[in-house]
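The data block below is start_36.cif; it holds mmCIF, C-alpha atoms.
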data_target
#
loop_
_atom_site.group_PDB
_atom_site.id
_atom_site.type_symbol
_atom_site.label_atom_id
_atom_site.label_comp_id
_atom_site.auth_asym_id
_atom_site.auth_seq_id
_atom_site.Cartn_x
_atom_site.Cartn_y
_atom_site.Cartn_z
ATOM 1 C CA MET V 13 21.262 14.480 -44.838
ATOM 2 C CA LYS V 14 17.703 13.328 -44.261
ATOM 3 C CA LYS V 15 16.263 13.261 -40.744
ATOM 4 C CA TRP V 16 15.625 9.505 -40.868
ATOM 5 C CA LEU V 17 19.183 8.794 -41.982
ATOM 6 C CA LYS V 18 20.434 10.765 -38.970
ATOM 7 C CA ILE V 19 18.189 8.730 -36.675
ATOM 8 C CA LEU V 20 19.577 5.500 -38.123
ATOM 9 C CA LEU V 21 23.115 6.789 -37.587
ATOM 10 C CA VAL V 22 22.421 7.745 -33.964
ATOM 11 C CA ALA V 23 20.729 4.418 -33.172
ATOM 12 C CA ASP V 24 23.550 2.431 -34.735
ATOM 13 C CA ALA V 25 26.202 4.584 -33.075
ATOM 14 C CA PHE V 26 24.882 3.635 -29.636
ATOM 15 C CA MET V 27 24.795 -0.045 -30.590
ATOM 16 C CA TYR V 28 28.385 0.146 -31.831
ATOM 17 C CA LEU V 29 29.381 2.071 -28.715
ATOM 18 C CA ALA V 30 28.070 -0.828 -26.634
ATOM 19 C CA ALA V 31 29.879 -3.473 -28.693
ATOM 20 C CA GLY V 32 33.064 -1.459 -29.061
ATOM 21 C CA MET V 33 33.543 -1.103 -25.316
ATOM 22 C CA PHE V 34 34.071 -4.843 -25.019
ATOM 23 C CA GLU V 35 35.678 -6.024 -28.249
ATOM 24 C CA PRO V 36 39.246 -4.809 -27.552
ATOM 25 C CA ILE V 37 39.299 -6.386 -24.087
ATOM 26 C CA TYR V 38 37.218 -9.467 -24.860
ATOM 27 C CA ALA V 39 40.142 -11.902 -24.433
ATOM 28 C CA ILE V 40 40.924 -10.520 -20.976
ATOM 29 C CA PHE V 41 37.362 -11.253 -19.897
ATOM 30 C CA VAL V 42 37.542 -14.770 -21.327
ATOM 31 C CA GLU V 43 40.627 -15.406 -19.222
ATOM 32 C CA LYS V 44 38.853 -14.056 -16.112
ATOM 33 C CA ILE V 45 36.053 -16.627 -16.485
ATOM 34 C CA GLY V 46 38.584 -19.460 -16.753
ATOM 35 C CA GLY V 47 38.809 -19.618 -20.512
ATOM 36 C CA ASP V 48 41.894 -19.809 -22.673
ATOM 37 C CA ILE V 49 42.898 -18.930 -26.219
ATOM 38 C CA LEU V 50 40.723 -21.691 -27.645
ATOM 39 C CA THR V 51 37.728 -20.498 -25.624
ATOM 40 C CA ALA V 52 38.199 -16.946 -26.877
ATOM 41 C CA SER V 53 38.629 -17.983 -30.486
ATOM 42 C CA GLY V 54 35.865 -20.600 -30.327
ATOM 43 C CA ALA V 55 33.314 -18.233 -28.819
ATOM 44 C CA TRP V 56 34.243 -15.527 -31.338
ATOM 45 C CA ALA V 57 33.892 -18.125 -34.117
ATOM 46 C CA ALA V 58 30.441 -19.045 -32.778
ATOM 47 C CA PHE V 59 29.448 -15.373 -33.019
ATOM 48 C CA THR V 60 30.910 -14.769 -36.467
ATOM 49 C CA PHE V 61 29.637 -18.029 -37.981
ATOM 50 C CA THR V 62 26.152 -17.532 -36.545
ATOM 51 C CA SER V 63 25.966 -13.941 -37.714
ATOM 52 C CA GLY V 64 27.546 -14.673 -41.095
ATOM 53 C CA PHE V 65 25.274 -17.579 -41.968
ATOM 54 C CA LEU V 66 22.151 -15.836 -40.699
ATOM 55 C CA ILE V 67 23.025 -12.515 -42.384
ATOM 56 C CA TRP V 68 23.099 -14.400 -45.668
ATOM 57 C CA LEU V 69 19.841 -16.212 -44.877
ATOM 58 C CA PHE V 70 17.987 -13.238 -43.365
ATOM 59 C CA GLY V 71 19.217 -10.958 -46.151
ATOM 60 C CA LYS V 72 17.409 -13.121 -48.691
ATOM 61 C CA TRP V 73 14.253 -13.140 -46.589
ATOM 62 C CA GLU V 74 14.361 -9.437 -45.643
ATOM 63 C CA ASP V 75 14.234 -8.464 -49.327
ATOM 64 C CA ARG V 76 10.555 -9.362 -49.046
ATOM 65 C CA VAL V 77 9.939 -7.723 -45.647
ATOM 66 C CA LYS V 78 7.880 -4.538 -45.821
ATOM 67 C CA HIS V 79 8.821 -3.218 -42.386
ATOM 68 C CA LEU V 80 12.608 -3.233 -42.242
ATOM 69 C CA GLU V 81 12.480 -0.934 -39.216
ATOM 70 C CA LYS V 82 10.873 -3.771 -37.234
ATOM 71 C CA MET V 83 13.767 -6.070 -38.118
ATOM 72 C CA ILE V 84 16.229 -3.408 -37.001
ATOM 73 C CA PHE V 85 14.350 -3.011 -33.732
ATOM 74 C CA LEU V 86 14.203 -6.785 -33.163
ATOM 75 C CA GLY V 87 17.909 -7.164 -33.900
ATOM 76 C CA TYR V 88 18.769 -4.292 -31.576
ATOM 77 C CA ALA V 89 16.584 -5.845 -28.850
ATOM 78 C CA LEU V 90 18.359 -9.199 -29.192
ATOM 79 C CA ARG V 91 21.747 -7.497 -29.117
ATOM 80 C CA SER V 92 20.722 -5.556 -25.995
ATOM 81 C CA CYS V 93 19.752 -8.848 -24.339
ATOM 82 C CA ALA V 94 23.136 -10.287 -25.303
ATOM 83 C CA PHE V 95 24.990 -7.283 -23.864
ATOM 84 C CA LEU V 96 23.087 -7.768 -20.600
ATOM 85 C CA GLY V 97 23.774 -11.501 -20.875
ATOM 86 C CA TYR V 98 27.505 -10.855 -20.522
ATOM 87 C CA PHE V 99 26.749 -9.684 -16.967
ATOM 88 C CA PHE V 100 25.677 -13.236 -16.093
ATOM 89 C CA VAL V 101 28.455 -15.137 -17.870
ATOM 90 C CA ALA V 102 30.220 -17.362 -15.364
ATOM 91 C CA ASN V 103 31.846 -19.941 -17.631
ATOM 92 C CA LYS V 104 32.688 -20.641 -21.252
ATOM 93 C CA PHE V 105 29.353 -22.327 -21.993
ATOM 94 C CA HIS V 106 27.494 -19.196 -20.951
ATOM 95 C CA LEU V 107 29.870 -17.160 -23.115
ATOM 96 C CA PHE V 108 29.141 -19.320 -26.166
ATOM 97 C CA ALA V 109 25.385 -18.868 -25.625
ATOM 98 C CA VAL V 110 25.717 -15.085 -25.362
ATOM 99 C CA GLN V 111 27.941 -14.933 -28.442
ATOM 100 C CA ILE V 112 25.390 -16.928 -30.446
ATOM 101 C CA LEU V 113 22.559 -14.646 -29.265
ATOM 102 C CA LEU V 114 24.665 -11.640 -30.251
ATOM 103 C CA GLY V 115 25.192 -13.192 -33.687
ATOM 104 C CA ILE V 116 21.461 -13.741 -34.136
ATOM 105 C CA GLY V 117 20.783 -10.144 -33.140
ATOM 106 C CA LEU V 118 23.367 -8.759 -35.537
ATOM 107 C CA ALA V 119 22.075 -10.933 -38.368
ATOM 108 C CA THR V 120 18.505 -9.810 -37.741
ATOM 109 C CA SER V 121 19.302 -6.107 -37.906
ATOM 110 C CA LEU V 122 22.241 -5.751 -40.295
ATOM 111 C CA PRO V 123 20.691 -6.603 -43.695
ATOM 112 C CA ALA V 124 17.578 -4.561 -42.815
ATOM 113 C CA TYR V 125 19.716 -1.644 -41.638
ATOM 114 C CA ASP V 126 21.833 -1.649 -44.789
ATOM 115 C CA ALA V 127 18.748 -1.874 -47.014
ATOM 116 C CA LEU V 128 16.944 0.911 -45.179
ATOM 117 C CA TYR V 129 20.023 3.113 -45.053
ATOM 118 C CA SER V 130 20.479 2.610 -48.792
ATOM 119 C CA LYS V 131 16.835 3.545 -49.472
ATOM 120 C CA LEU V 132 17.255 6.767 -47.509
ATOM 121 C CA LEU V 133 20.370 7.983 -49.297
ATOM 122 C CA SER V 134 20.076 11.318 -51.071
ATOM 123 C CA LYS V 135 20.515 11.161 -54.815
ATOM 124 C CA GLY V 136 24.062 12.150 -55.718
ATOM 125 C CA ARG V 137 25.306 11.892 -52.119
ATOM 126 C CA PHE V 138 25.926 8.161 -51.867
ATOM 127 C CA ALA V 139 29.631 8.399 -51.061
ATOM 128 C CA SER V 140 29.267 11.181 -48.491
ATOM 129 C CA GLU V 141 26.334 9.572 -46.709
ATOM 130 C CA TRP V 142 27.951 6.117 -46.608
ATOM 131 C CA GLY V 143 31.116 7.962 -45.568
ATOM 132 C CA ALA V 144 29.142 9.447 -42.672
ATOM 133 C CA TRP V 145 28.232 5.943 -41.507
ATOM 134 C CA GLU V 146 31.804 4.674 -41.857
ATOM 135 C CA GLY V 147 33.214 7.746 -40.100
ATOM 136 C CA VAL V 148 30.736 7.530 -37.237
ATOM 137 C CA TYR V 149 31.468 3.814 -36.846
ATOM 138 C CA MET V 150 35.242 4.341 -36.652
ATOM 139 C CA MET V 151 35.070 7.353 -34.310
ATOM 140 C CA VAL V 152 32.548 5.646 -32.023
ATOM 141 C CA SER V 153 34.707 2.516 -31.995
ATOM 142 C CA ALA V 154 37.726 4.569 -30.919
ATOM 143 C CA ALA V 155 35.811 6.290 -28.131
ATOM 144 C CA ALA V 156 34.290 2.973 -27.084
ATOM 145 C CA ALA V 157 37.667 1.244 -26.839
ATOM 146 C CA ILE V 158 39.013 3.874 -24.447
ATOM 147 C CA THR V 159 35.778 4.100 -22.470
ATOM 148 C CA GLY V 160 35.341 0.347 -22.141
ATOM 149 C CA GLY V 161 38.930 -0.147 -21.063
ATOM 150 C CA ALA V 162 38.654 2.580 -18.442
ATOM 151 C CA ILE V 163 35.366 1.285 -17.047
ATOM 152 C CA ALA V 164 36.622 -2.315 -16.849
ATOM 153 C CA ASN V 165 39.902 -1.182 -15.310
ATOM 154 C CA PHE V 166 38.415 1.051 -12.604
ATOM 155 C CA PHE V 167 35.029 -0.561 -11.962
ATOM 156 C CA GLY V 168 35.247 -4.101 -13.336
ATOM 157 C CA PHE V 169 33.577 -6.045 -16.095
ATOM 158 C CA LYS V 170 30.169 -6.200 -14.405
ATOM 159 C CA ALA V 171 29.947 -2.399 -14.456
ATOM 160 C CA LEU V 172 31.113 -2.394 -18.069
ATOM 161 C CA PHE V 173 28.350 -4.795 -19.086
ATOM 162 C CA LEU V 174 25.710 -2.602 -17.455
ATOM 163 C CA VAL V 175 27.050 0.458 -19.288
ATOM 164 C CA MET V 176 27.044 -1.514 -22.544
ATOM 165 C CA PHE V 177 23.458 -2.558 -21.909
ATOM 166 C CA ALA V 178 22.448 1.052 -21.173
ATOM 167 C CA SER V 179 24.129 2.280 -24.358
ATOM 168 C CA SER V 180 22.377 -0.389 -26.417
ATOM 169 C CA LEU V 181 19.029 0.603 -24.906
ATOM 170 C CA VAL V 182 19.584 4.179 -26.113
ATOM 171 C CA GLY V 183 20.123 2.790 -29.613
ATOM 172 C CA LEU V 184 17.089 0.541 -29.273
ATOM 173 C CA PHE V 185 14.856 3.405 -28.146
ATOM 174 C CA ALA V 186 16.220 5.702 -30.870
ATOM 175 C CA SER V 187 15.189 3.088 -33.426
ATOM 176 C CA THR V 188 11.561 3.316 -32.250
ATOM 177 C CA SER V 189 11.375 6.701 -34.013
ATOM 178 C CA LEU V 190 11.273 4.673 -37.220
ATOM 179 C CA PHE V 191 7.798 3.410 -36.278
ATOM 180 C CA SER V 192 6.264 6.856 -36.823
ATOM 181 C CA LYS V 193 3.805 7.605 -39.595
ATOM 182 C CA GLY V 194 6.146 10.322 -40.851
ATOM 183 C CA PHE V 195 8.847 7.739 -41.444
ATOM 184 C CA ARG V 196 6.532 5.407 -43.373
ATOM 185 C CA LYS V 197 5.424 8.291 -45.590
ATOM 186 C CA SER V 198 8.967 9.395 -46.359
ATOM 187 C CA VAL V 199 10.319 5.977 -47.331
ATOM 188 C CA LYS V 200 9.148 4.283 -50.503
ATOM 189 C CA PHE V 201 9.041 0.518 -50.143
#
Please rewrite the model in this file as structure tokens.
Amino acid sequence: MKKWLKILLVADAFMYLAAGMFEPIYAIFVEKIGGDILTASGAWAAFTFTSGFLIWLFGKWEDRVKHLEKMIFLGYALRSCAFLGYFFVANKFHLFAVQILLGIGLATSLPAYDALYSKLLSKGRFASEWGAWEGVYMMVSAAAAITGGAIANFFGFKALFLVMFASSLVGLFASTSLFSKGFRKSVKF
């Protein structure tokens, strides 16, 4: 596996670690801020619709972008801001705003990430290298679910959001490796 593919995997793993700590217990948090089932489903719909529509739109535009690594970085930065934003959520309106920001961040980075990851695949190793991404995602999600639940249970949601933010910053900073001259030389655009 190429060095740059490993860097992408590590960066994304920390972003998914951040997200995965909260997703399984999201509804519990919504209830704690005074929301109900409709708040939880509505805010999740705001995230998924925003990200879905913008992934489609940004995907078309990012086909013409020469620096996909910058889109990944920008998306990771927006997602990091959203993870920190959860710390300040006090009501359902704040939650909707954070979910929309998270959707924008995901939509900014995901098409660029997939395109860049695809460009870096080794010839003849497509299944194993995509399998590496899928495997990392599932294993990180499992670890994140347990970790997030434990942190929220013992230290509260505020502590969880700070840990999520810290994890996302590791992913964000790992993605800056893609700005090196060595990376640009190794990837044909």
Answer key for the PyMOL selection byres ((chain V and resi 194-198) around 10), residues as a PyMOL selection string: chain V and resi 14-16+79+81+132+189-193+199-201
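Distance annotation: of V:Leu50, V:Asp75, V:Leu80, V:Gly160, the residue with the minimal separation from V:Tyr129 is V:Leu80; atom set is only C-alpha atoms.
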Apply the PyMOL selection byres ((chain V and resi 171) around 12) to the displayed file and report the matching residues as a ChimeraX atom specification. /V:33-34,95-96,98-100,159-170,172-178
Prev. selection, C-alpha atoms, output as an mmCIF file, in the coordinates of the input:
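Output below, filename again.cif:
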data_model
loop_
_atom_site.group_PDB
_atom_site.id
_atom_site.type_symbol
_atom_site.label_atom_id
_atom_site.label_comp_id
_atom_site.auth_asym_id
_atom_site.auth_seq_id
_atom_site.Cartn_x
_atom_site.Cartn_y
_atom_site.Cartn_z
ATOM 1 C CA MET V 33 33.543 -1.103 -25.316
ATOM 2 C CA PHE V 34 34.071 -4.843 -25.019
ATOM 3 C CA PHE V 95 24.990 -7.283 -23.864
ATOM 4 C CA LEU V 96 23.087 -7.768 -20.600
ATOM 5 C CA TYR V 98 27.505 -10.855 -20.522
ATOM 6 C CA PHE V 99 26.749 -9.684 -16.967
ATOM 7 C CA PHE V 100 25.677 -13.236 -16.093
ATOM 8 C CA THR V 159 35.778 4.100 -22.470
ATOM 9 C CA GLY V 160 35.341 0.347 -22.141
ATOM 10 C CA GLY V 161 38.930 -0.147 -21.063
ATOM 11 C CA ALA V 162 38.654 2.580 -18.442
ATOM 12 C CA ILE V 163 35.366 1.285 -17.047
ATOM 13 C CA ALA V 164 36.622 -2.315 -16.849
ATOM 14 C CA ASN V 165 39.902 -1.182 -15.310
ATOM 15 C CA PHE V 166 38.415 1.051 -12.604
ATOM 16 C CA PHE V 167 35.029 -0.561 -11.962
ATOM 17 C CA GLY V 168 35.247 -4.101 -13.336
ATOM 18 C CA PHE V 169 33.577 -6.045 -16.095
ATOM 19 C CA LYS V 170 30.169 -6.200 -14.405
ATOM 20 C CA LEU V 172 31.113 -2.394 -18.069
ATOM 21 C CA PHE V 173 28.350 -4.795 -19.086
ATOM 22 C CA LEU V 174 25.710 -2.602 -17.455
ATOM 23 C CA VAL V 175 27.050 0.458 -19.288
ATOM 24 C CA MET V 176 27.044 -1.514 -22.544
ATOM 25 C CA PHE V 177 23.458 -2.558 -21.909
ATOM 26 C CA ALA V 178 22.448 1.052 -21.173
#
Evaluated on this file, the PyMOL selection byres ((chain V and resi 182) around 12) picks out some residues - which ones are they, written as an mmCIF file with C-alpha atoms, in the frame of the given file?
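The resulting file, part_22.cif, is shown below:
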data_model
loop_
_atom_site.group_PDB
_atom_site.id
_atom_site.type_symbol
_atom_site.label_atom_id
_atom_site.label_comp_id
_atom_site.auth_asym_id
_atom_site.auth_seq_id
_atom_site.Cartn_x
_atom_site.Cartn_y
_atom_site.Cartn_z
ATOM 1 C CA ILE V 19 18.189 8.730 -36.675
ATOM 2 C CA VAL V 22 22.421 7.745 -33.964
ATOM 3 C CA ALA V 23 20.729 4.418 -33.172
ATOM 4 C CA ASP V 24 23.550 2.431 -34.735
ATOM 5 C CA ALA V 25 26.202 4.584 -33.075
ATOM 6 C CA PHE V 26 24.882 3.635 -29.636
ATOM 7 C CA MET V 27 24.795 -0.045 -30.590
ATOM 8 C CA TYR V 28 28.385 0.146 -31.831
ATOM 9 C CA LEU V 29 29.381 2.071 -28.715
ATOM 10 C CA ALA V 30 28.070 -0.828 -26.634
ATOM 11 C CA PHE V 85 14.350 -3.011 -33.732
ATOM 12 C CA TYR V 88 18.769 -4.292 -31.576
ATOM 13 C CA ALA V 89 16.584 -5.845 -28.850
ATOM 14 C CA SER V 92 20.722 -5.556 -25.995
ATOM 15 C CA VAL V 175 27.050 0.458 -19.288
ATOM 16 C CA MET V 176 27.044 -1.514 -22.544
ATOM 17 C CA PHE V 177 23.458 -2.558 -21.909
ATOM 18 C CA ALA V 178 22.448 1.052 -21.173
ATOM 19 C CA SER V 179 24.129 2.280 -24.358
ATOM 20 C CA SER V 180 22.377 -0.389 -26.417
ATOM 21 C CA LEU V 181 19.029 0.603 -24.906
ATOM 22 C CA GLY V 183 20.123 2.790 -29.613
ATOM 23 C CA LEU V 184 17.089 0.541 -29.273
ATOM 24 C CA PHE V 185 14.856 3.405 -28.146
ATOM 25 C CA ALA V 186 16.220 5.702 -30.870
ATOM 26 C CA SER V 187 15.189 3.088 -33.426
ATOM 27 C CA THR V 188 11.561 3.316 -32.250
ATOM 28 C CA SER V 189 11.375 6.701 -34.013
#
Any idea what's packed within 12 Å of V:Asp126, counting only C-alpha atoms, ignoring anything in its chain fewer than 2 positions away? Could you give it as a PyMOL selection string? chain V and resi 17+20-21+24+67+71+74-75+80-81+83-84+118-124+128-133+142+145
N, CA and C atoms are what I want for stretch 43-64 of chain V; can you complete it accordingly and write them as a short mmCIF file (atom, residue, chain, number, x, y, z; two decimals), in the coordinates of the input?
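What follows is the written file rebuild-v9.cif:
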data_model
loop_
_atom_site.label_atom_id
_atom_site.label_comp_id
_atom_site.auth_asym_id
_atom_site.auth_seq_id
_atom_site.Cartn_x
_atom_site.Cartn_y
_atom_site.Cartn_z
N GLU V 43 39.65 -14.86 -20.17
CA GLU V 43 40.63 -15.41 -19.22
C GLU V 43 40.09 -15.32 -17.79
N LYS V 44 39.39 -14.24 -17.47
CA LYS V 44 38.85 -14.06 -16.11
C LYS V 44 37.78 -15.09 -15.76
N ILE V 45 37.08 -15.61 -16.77
CA ILE V 45 36.05 -16.63 -16.48
C ILE V 45 36.62 -18.04 -16.61
N GLY V 46 37.95 -18.15 -16.71
CA GLY V 46 38.58 -19.46 -16.75
C GLY V 46 38.81 -20.01 -18.14
N GLY V 47 38.60 -19.18 -19.14
CA GLY V 47 38.81 -19.62 -20.51
C GLY V 47 40.25 -19.43 -20.94
N ASP V 48 40.55 -19.94 -22.11
CA ASP V 48 41.89 -19.81 -22.67
C ASP V 48 41.79 -19.30 -24.11
N ILE V 49 42.87 -19.41 -24.84
CA ILE V 49 42.90 -18.93 -26.22
C ILE V 49 41.85 -19.65 -27.06
N LEU V 50 41.70 -20.93 -26.87
CA LEU V 50 40.72 -21.69 -27.64
C LEU V 50 39.29 -21.30 -27.28
N THR V 51 39.05 -20.97 -26.03
CA THR V 51 37.73 -20.50 -25.62
C THR V 51 37.42 -19.17 -26.30
N ALA V 52 38.39 -18.26 -26.26
CA ALA V 52 38.20 -16.95 -26.88
C ALA V 52 37.95 -17.08 -28.37
N SER V 53 38.78 -17.85 -29.04
CA SER V 53 38.63 -17.98 -30.49
C SER V 53 37.38 -18.79 -30.84
N GLY V 54 37.06 -19.79 -30.06
CA GLY V 54 35.86 -20.60 -30.33
C GLY V 54 34.58 -19.82 -30.14
N ALA V 55 34.52 -19.04 -29.06
CA ALA V 55 33.31 -18.23 -28.82
C ALA V 55 33.17 -17.15 -29.88
N TRP V 56 34.30 -16.54 -30.28
CA TRP V 56 34.24 -15.53 -31.34
C TRP V 56 33.82 -16.18 -32.66
N ALA V 57 34.30 -17.39 -32.91
CA ALA V 57 33.89 -18.12 -34.12
C ALA V 57 32.40 -18.44 -34.07
N ALA V 58 31.88 -18.78 -32.91
CA ALA V 58 30.44 -19.05 -32.78
C ALA V 58 29.65 -17.80 -33.14
N PHE V 59 30.11 -16.64 -32.68
CA PHE V 59 29.45 -15.37 -33.02
C PHE V 59 29.53 -15.09 -34.51
N THR V 60 30.74 -15.16 -35.07
CA THR V 60 30.91 -14.77 -36.47
C THR V 60 30.25 -15.76 -37.42
N PHE V 61 30.31 -17.06 -37.11
CA PHE V 61 29.64 -18.03 -37.98
C PHE V 61 28.12 -17.85 -37.92
N THR V 62 27.60 -17.72 -36.71
CA THR V 62 26.15 -17.53 -36.54
C THR V 62 25.70 -16.29 -37.29
N SER V 63 26.38 -15.17 -37.05
CA SER V 63 25.97 -13.94 -37.71
C SER V 63 26.17 -14.03 -39.22
N GLY V 64 27.28 -14.58 -39.66
CA GLY V 64 27.55 -14.67 -41.10
C GLY V 64 26.52 -15.52 -41.82
#
